[in-house]
Amino acid sequence: PAAGTGGMLSIAEMEMKALNPRSRVELFGQELNPESFAICKSDMLVTGHNPENIVFGNTLTRDAHAGKRFHYMLSNPPYGVDWKKYADPIKAEAADEGMDGRFGAGLPRISDGQLLFLQHMIDHMKPPHKGGGRVSIIMNGSPLFTGDAGSGESEIRRWLLENDWVEAIIQLPEQIFYNTGIGTYVWVLSNRKPDDREGKIQLIDARARWEELEQNRGDKRRRLGEDDIEAVVKDYGAFKENDTSKIFDN
């Protein structure tokens with residue numbers, strides 16, 4: 001969802017091919033902005049992928065990949081976007097399909113649809129007996145902290161924890177995106193956790209892992225350098241507690 005111009009898809013494929021040159025990667029996406037959609041589809045054509053796998057439209061109101069299940073999903077959906085004008089079909093799906101649909105766990109406040117995108121991705125994970133699915137999604141702090149007990153946000157979080165899908169949440173530095181300087185978080189979720197991660201959630205503090213850009217680009221003044229990325233990946237892979245990694249029972 002929210003595939004944008006396809007940069008995350010392309011880079012993910014490059015990294016996967018670097019790890020295993022024999023791997024066969026198929027890319028799928030859906031994008032609402034017409035210009036971004038056109039660029040993404042063109043990129044798929046140029047790189048030899050099936051352009052029909054990139055679909056134009058609103059992921060939340062019309063799931064263009066309904067019925068498909070994926071091994072890996074990546075998204076950086078818009079933060080704090082009001083979904084009021086799309087509310088009718090979303091509420092209808094939640095009411096009519098319940099847990100058989102995408103939004104049965106609950107609906108977040110109308111002013112922020114990030115947890116709708118997360119639920120959409122959970123719905124598209126391949127089942128464990130077919131290799132399982134993994135999700136990585138970048139969101140701001142709202143999905144973590146808003147909503148009292150019993151609210152839509154709280155019920156969605158409870159559903160995620162009770163199903164033991166949350167592997168790790170990584171807090172990133174501020175000022176690393178072009179259009180906002182706020183702090184952001186990477187959520188990593190999976191329905192095929194290894195035994196040592198079952199019933200556990202890892203929190204990684206990467207706020208201090210950054211280097212300055214040579215030139216500011218809008219609100220983007222920092223980036224994670226190669227050493228920073230390697231340090232975060234090592235924290236995640238080691239699954240041990242230290243100054244920047246904490247592990248909790250879910």
# chains A, B, ... in the order shown; residues from 1 in each chain; ligands from 1
call {"tool": "residues_around", "arguments": {"residues": "Ser190 (chain A)", "least_positions_apart": "4", "cutoff": "6 Å", "atoms": "only C-alpha atoms", "output": "list in words"}}
result
Gly133, Arg134 and Trp165 of chain A
call {"tool": "write_last_selection", "arguments": {"atoms": "all heavy atoms", "output": "mmCIF file, in the first residue's frame"}}
result
data_model
loop_
_atom_site.group_PDB
_atom_site.id
_atom_site.type_symbol
_atom_site.label_atom_id
_atom_site.label_comp_id
_atom_site.auth_asym_id
_atom_site.auth_seq_id
_atom_site.Cartn_x
_atom_site.Cartn_y
_atom_site.Cartn_z
ATOM 1 N N GLY A 133 4.470 -14.538 6.468
ATOM 2 C CA GLY A 133 4.654 -13.191 5.944
ATOM 3 C C GLY A 133 5.351 -12.305 6.960
ATOM 4 O O GLY A 133 5.264 -12.528 8.165
ATOM 5 N N ARG A 134 6.045 -11.297 6.447
ATOM 6 C CA ARG A 134 6.694 -10.324 7.317
ATOM 7 C C ARG A 134 6.348 -8.931 6.801
ATOM 8 O O ARG A 134 6.266 -8.704 5.598
ATOM 9 C CB ARG A 134 8.210 -10.519 7.351
ATOM 10 C CG ARG A 134 8.606 -11.929 7.753
ATOM 11 C CD ARG A 134 10.070 -12.052 8.087
ATOM 12 N NE ARG A 134 10.328 -11.463 9.387
ATOM 13 C CZ ARG A 134 11.423 -10.774 9.675
ATOM 14 N NH1 ARG A 134 12.334 -10.562 8.763
ATOM 15 N NH2 ARG A 134 11.592 -10.278 10.880
ATOM 16 N N TRP A 165 2.237 -10.892 16.781
ATOM 17 C CA TRP A 165 2.798 -10.544 15.478
ATOM 18 C C TRP A 165 3.921 -9.525 15.566
ATOM 19 O O TRP A 165 4.727 -9.415 14.646
ATOM 20 C CB TRP A 165 1.693 -9.982 14.573
ATOM 21 C CG TRP A 165 0.745 -11.023 14.077
ATOM 22 C CD1 TRP A 165 1.032 -12.314 13.730
ATOM 23 C CD2 TRP A 165 -0.664 -10.865 13.853
ATOM 24 N NE1 TRP A 165 -0.106 -12.960 13.313
ATOM 25 C CE2 TRP A 165 -1.166 -12.102 13.384
ATOM 26 C CE3 TRP A 165 -1.542 -9.801 14.011
ATOM 27 C CZ2 TRP A 165 -2.505 -12.298 13.061
ATOM 28 C CZ3 TRP A 165 -2.879 -9.989 13.694
ATOM 29 C CH2 TRP A 165 -3.350 -11.225 13.215
#
call {"tool": "closest_atom_pairs", "arguments": {"of": "region 74-183 of chain A", "to": "region 55-69 of chain A", "cutoff": "12 Å", "atoms": "only C-alpha atoms", "output": "Markdown table"}}
result
| residue | atom | partner | partner_atom | distance |
| --- | --- | --- | --- | --- |
| A:Ser75 | CA | A:Thr59 | CA | 11.9 |
| A:Pro77 | CA | A:Thr59 | CA | 10.6 |
| A:Trp83 | CA | A:Leu60 | CA | 9.1 |
| A:Lys84 | CA | A:Thr61 | CA | 11.7 |
| A:Lys85 | CA | A:Thr61 | CA | 10.4 |
| A:Tyr86 | CA | A:Thr61 | CA | 6.7 |
| A:Ala87 | CA | A:Thr61 | CA | 8.5 |
| A:Asp88 | CA | A:Thr61 | CA | 8.8 |
| A:Pro89 | CA | A:Thr61 | CA | 5.9 |
| A:Ile90 | CA | A:Thr61 | CA | 6.1 |
| A:Lys91 | CA | A:Thr61 | CA | 9.7 |
| A:Ala92 | CA | A:Thr61 | CA | 9.9 |
| A:Glu93 | CA | A:Thr61 | CA | 8.8 |
| A:Ala94 | CA | A:Thr61 | CA | 11.3 |
| A:Asp100 | CA | A:Gly67 | CA | 11.6 |
| A:Gly101 | CA | A:Ala66 | CA | 10.0 |
| A:Arg102 | CA | A:Leu60 | CA | 9.2 |
| A:Phe103 | CA | A:Leu60 | CA | 9.7 |
| A:Leu107 | CA | A:Leu60 | CA | 11.9 |
| A:Gly113 | CA | A:Leu60 | CA | 9.0 |
| A:Gln114 | CA | A:Leu60 | CA | 10.4 |
| A:Leu115 | CA | A:Leu60 | CA | 10.8 |
| A:Leu116 | CA | A:Leu60 | CA | 7.2 |
| A:Phe117 | CA | A:Leu60 | CA | 7.2 |
| A:Leu118 | CA | A:Leu60 | CA | 10.6 |
| A:Gln119 | CA | A:Leu60 | CA | 10.0 |
| A:His120 | CA | A:Leu60 | CA | 7.7 |
| A:Met121 | CA | A:Arg69 | CA | 9.3 |
| A:Ile122 | CA | A:Arg69 | CA | 9.6 |
| A:Asp123 | CA | A:Arg69 | CA | 8.0 |
| A:His124 | CA | A:Arg69 | CA | 4.6 |
| A:Met125 | CA | A:Arg69 | CA | 5.3 |
| A:Lys126 | CA | A:Arg69 | CA | 4.7 |
| A:Pro127 | CA | A:Arg69 | CA | 7.9 |
| A:Pro128 | CA | A:Arg69 | CA | 11.1 |
| A:Lys130 | CA | A:Arg69 | CA | 9.6 |
| A:Gly131 | CA | A:Arg69 | CA | 10.6 |
| A:Gly132 | CA | A:Arg69 | CA | 9.2 |
| A:Gly133 | CA | A:Arg69 | CA | 8.0 |
| A:Arg134 | CA | A:Arg69 | CA | 10.8 |
| A:Val135 | CA | A:Arg69 | CA | 11.8 |
call {"tool": "residues_around", "arguments": {"residues": "Arg24 (chain A)", "least_positions_apart": "6", "cutoff": "10 Å", "atoms": "only C-alpha atoms", "output": "compact mmCIF listing (two decimals) with all heavy atoms, in the first residue's frame"}}
result
# COMPACT_ATOMS: atom_id res chain seq x y z
N GLU A 13 14.32 -5.08 -3.72
CA GLU A 13 14.74 -6.12 -4.66
C GLU A 13 16.26 -6.15 -4.80
O GLU A 13 16.87 -7.23 -4.82
CB GLU A 13 14.09 -5.90 -6.03
CG GLU A 13 14.49 -6.99 -7.02
CD GLU A 13 13.99 -6.75 -8.43
OE1 GLU A 13 13.73 -5.59 -8.78
OE2 GLU A 13 13.88 -7.74 -9.17
N MET A 16 17.71 -7.88 -1.79
CA MET A 16 17.42 -9.31 -1.79
C MET A 16 18.30 -10.05 -2.81
O MET A 16 18.80 -11.13 -2.54
CB MET A 16 15.93 -9.54 -2.08
CG MET A 16 15.03 -9.05 -0.97
SD MET A 16 13.28 -9.03 -1.41
CE MET A 16 12.89 -10.77 -1.23
N LYS A 17 18.47 -9.45 -3.98
CA LYS A 17 19.33 -10.06 -5.01
C LYS A 17 20.79 -10.09 -4.56
O LYS A 17 21.54 -11.01 -4.90
CB LYS A 17 19.21 -9.27 -6.31
CG LYS A 17 17.84 -9.36 -6.97
CD LYS A 17 17.70 -10.61 -7.79
CE LYS A 17 16.44 -10.52 -8.66
NZ LYS A 17 16.26 -11.74 -9.47
call {"tool": "select_by_dssp", "arguments": {"residues": "region 59-112 of chain A", "states": "alpha helix (DSSP H)", "output": "number ranges by chain"}}
result
A: 87-97
call {"tool": "write_last_selection", "arguments": {"atoms": "N, CA, C and O atoms", "output": "mmCIF file, in the first residue's frame"}}
result
data_model
loop_
_atom_site.group_PDB
_atom_site.id
_atom_site.type_symbol
_atom_site.label_atom_id
_atom_site.label_comp_id
_atom_site.auth_asym_id
_atom_site.auth_seq_id
_atom_site.Cartn_x
_atom_site.Cartn_y
_atom_site.Cartn_z
ATOM 1 N N ALA A 87 -14.615 7.288 4.593
ATOM 2 C CA ALA A 87 -15.052 6.529 5.764
ATOM 3 C C ALA A 87 -16.142 5.508 5.460
ATOM 4 O O ALA A 87 -16.141 4.415 6.041
ATOM 5 N N ASP A 88 -17.074 5.820 4.573
ATOM 6 C CA ASP A 88 -18.224 4.937 4.371
ATOM 7 C C ASP A 88 -17.825 3.529 3.936
ATOM 8 O O ASP A 88 -18.243 2.547 4.570
ATOM 9 N N PRO A 89 -17.017 3.357 2.877
ATOM 10 C CA PRO A 89 -16.646 1.987 2.494
ATOM 11 C C PRO A 89 -15.767 1.284 3.531
ATOM 12 O O PRO A 89 -15.858 0.065 3.700
ATOM 13 N N ILE A 90 -14.941 2.042 4.247
ATOM 14 C CA ILE A 90 -14.083 1.434 5.271
ATOM 15 C C ILE A 90 -14.932 0.937 6.436
ATOM 16 O O ILE A 90 -14.775 -0.206 6.903
ATOM 17 N N LYS A 91 -15.859 1.771 6.900
ATOM 18 C CA LYS A 91 -16.742 1.360 7.994
ATOM 19 C C LYS A 91 -17.643 0.202 7.560
ATOM 20 O O LYS A 91 -17.928 -0.709 8.356
ATOM 21 N N ALA A 92 -18.088 0.220 6.305
ATOM 22 C CA ALA A 92 -18.939 -0.864 5.810
ATOM 23 C C ALA A 92 -18.184 -2.176 5.780
ATOM 24 O O ALA A 92 -18.720 -3.231 6.172
ATOM 25 N N GLU A 93 -16.919 -2.146 5.336
ATOM 26 C CA GLU A 93 -16.121 -3.378 5.326
ATOM 27 C C GLU A 93 -15.909 -3.905 6.735
ATOM 28 O O GLU A 93 -16.019 -5.110 6.992
ATOM 29 N N ALA A 94 -15.610 -2.992 7.665
ATOM 30 C CA ALA A 94 -15.402 -3.411 9.059
ATOM 31 C C ALA A 94 -16.656 -4.050 9.633
ATOM 32 O O ALA A 94 -16.595 -5.079 10.328
ATOM 33 N N ALA A 95 -17.832 -3.453 9.340
ATOM 34 C CA ALA A 95 -19.089 -3.954 9.898
ATOM 35 C C ALA A 95 -19.548 -5.235 9.213
ATOM 36 O O ALA A 95 -19.989 -6.187 9.869
ATOM 37 N N ASP A 96 -19.435 -5.282 7.887
ATOM 38 C CA ASP A 96 -19.980 -6.408 7.133
ATOM 39 C C ASP A 96 -19.083 -7.645 7.173
ATOM 40 O O ASP A 96 -19.580 -8.778 7.237
ATOM 41 N N GLU A 97 -17.768 -7.445 7.151
ATOM 42 C CA GLU A 97 -16.853 -8.582 7.056
ATOM 43 C C GLU A 97 -16.192 -8.938 8.383
ATOM 44 O O GLU A 97 -15.674 -10.043 8.540
#
call {"tool": "closest_residue", "arguments": {"among": "A:Ser245, A:Thr180, A:Asn163, A:Gln215", "to": "Leu203 (chain A)", "atoms": "only C-alpha atoms"}}
result
A:Ser245
call {"tool": "decode", "arguments": {"residues": "region 86-192 of chain A", "atoms": "C-alpha atoms", "output": "short mmCIF file (atom, residue, chain, number, x, y, z; two decimals), in the first residue's frame"}}
result
data_model
loop_
_atom_site.label_atom_id
_atom_site.label_comp_id
_atom_site.auth_asym_id
_atom_site.auth_seq_id
_atom_site.Cartn_x
_atom_site.Cartn_y
_atom_site.Cartn_z
CA TYR A 86 -13.30 7.55 2.55
CA ALA A 87 -15.05 6.53 5.76
CA ASP A 88 -18.22 4.94 4.37
CA PRO A 89 -16.65 1.99 2.49
CA ILE A 90 -14.08 1.43 5.27
CA LYS A 91 -16.74 1.36 7.99
CA ALA A 92 -18.94 -0.86 5.81
CA GLU A 93 -16.12 -3.38 5.33
CA ALA A 94 -15.40 -3.41 9.06
CA ALA A 95 -19.09 -3.95 9.90
CA ASP A 96 -19.98 -6.41 7.13
CA GLU A 97 -16.85 -8.58 7.06
CA GLY A 98 -15.61 -8.31 10.63
CA MET A 99 -12.50 -10.39 11.26
CA ASP A 100 -12.88 -11.96 7.80
CA GLY A 101 -12.12 -8.53 6.32
CA ARG A 102 -9.20 -6.17 6.81
CA PHE A 103 -10.53 -3.89 9.53
CA GLY A 104 -12.28 -6.21 11.98
CA ALA A 105 -9.90 -5.48 14.86
CA GLY A 106 -11.00 -1.87 15.09
CA LEU A 107 -10.95 1.54 13.42
CA PRO A 108 -8.54 4.31 14.46
CA ARG A 109 -9.68 7.91 14.89
CA ILE A 110 -10.87 9.56 11.71
CA SER A 111 -7.90 11.97 11.69
CA ASP A 112 -5.22 9.29 11.22
CA GLY A 113 -5.40 6.23 8.97
CA GLN A 114 -1.96 4.70 9.63
CA LEU A 115 -3.33 1.70 11.54
CA LEU A 116 -5.70 1.00 8.64
CA PHE A 117 -2.69 0.49 6.38
CA LEU A 118 -1.08 -1.78 8.99
CA GLN A 119 -4.23 -3.92 9.24
CA HIS A 120 -4.35 -4.12 5.44
CA MET A 121 -0.79 -5.47 5.40
CA ILE A 122 -1.49 -8.00 8.16
CA ASP A 123 -4.41 -9.28 6.09
CA HIS A 124 -2.04 -9.90 3.17
CA MET A 125 0.58 -11.98 5.01
CA LYS A 126 1.08 -15.46 3.61
CA PRO A 127 -0.04 -18.07 6.17
CA PRO A 128 2.74 -19.77 8.18
CA HIS A 129 2.31 -23.10 6.38
CA LYS A 130 3.14 -21.31 3.11
CA GLY A 131 6.27 -19.63 4.42
CA GLY A 132 4.57 -16.94 6.45
CA GLY A 133 4.65 -13.19 5.94
CA ARG A 134 6.69 -10.32 7.32
CA VAL A 135 5.75 -6.65 7.44
CA SER A 136 7.84 -3.54 7.91
CA ILE A 137 5.99 -0.24 8.14
CA ILE A 138 7.21 3.26 9.06
CA MET A 139 4.78 5.32 11.14
CA ASN A 140 4.88 8.28 13.48
CA GLY A 141 4.21 8.01 17.20
CA SER A 142 0.43 8.23 16.95
CA PRO A 143 -0.26 4.49 16.44
CA LEU A 144 1.86 3.75 19.53
CA PHE A 145 0.48 6.32 21.93
CA THR A 146 -3.00 7.58 20.98
CA GLY A 147 -6.27 6.07 22.14
CA ASP A 148 -7.43 5.13 25.64
CA ALA A 149 -8.28 1.56 26.61
CA GLY A 150 -11.25 0.38 24.57
CA SER A 151 -10.62 2.85 21.74
CA GLY A 152 -10.08 1.73 18.16
CA GLU A 153 -6.31 2.24 18.41
CA SER A 154 -6.10 0.35 21.70
CA GLU A 155 -8.15 -2.57 20.37
CA ILE A 156 -5.95 -2.82 17.26
CA ARG A 157 -2.80 -2.85 19.43
CA ARG A 158 -4.34 -5.53 21.68
CA TRP A 159 -5.18 -7.64 18.60
CA LEU A 160 -1.59 -7.34 17.33
CA LEU A 161 -0.13 -8.33 20.70
CA GLU A 162 -2.56 -11.18 21.38
CA ASN A 163 -1.67 -12.69 18.00
CA ASP A 164 2.05 -12.21 18.81
CA TRP A 165 2.80 -10.54 15.48
CA VAL A 166 4.97 -7.64 16.70
CA GLU A 167 8.67 -8.55 16.54
CA ALA A 168 10.33 -5.18 16.99
CA ILE A 169 9.72 -1.44 17.05
CA ILE A 170 12.67 0.75 16.13
CA GLN A 171 12.68 4.45 17.03
CA LEU A 172 14.46 6.40 14.30
CA PRO A 173 16.23 9.78 14.52
CA GLU A 174 14.31 12.98 13.85
CA GLN A 175 14.80 15.00 10.65
CA ILE A 176 15.40 12.05 8.29
CA PHE A 177 12.41 12.59 5.98
CA TYR A 178 11.93 15.31 3.37
CA ASN A 179 8.52 16.59 4.45
CA THR A 180 8.59 16.23 8.24
CA GLY A 181 11.12 16.52 11.03
CA ILE A 182 9.17 14.46 13.57
CA GLY A 183 10.33 11.21 15.12
CA THR A 184 9.27 8.02 13.36
CA TYR A 185 9.19 4.32 14.13
CA VAL A 186 9.73 1.15 12.11
CA TRP A 187 7.37 -1.64 13.14
CA VAL A 188 8.52 -5.15 12.19
CA LEU A 189 5.79 -7.80 12.32
CA SER A 190 5.71 -11.47 11.42
CA ASN A 191 3.45 -14.50 11.67
CA ARG A 192 6.48 -16.82 11.64
#
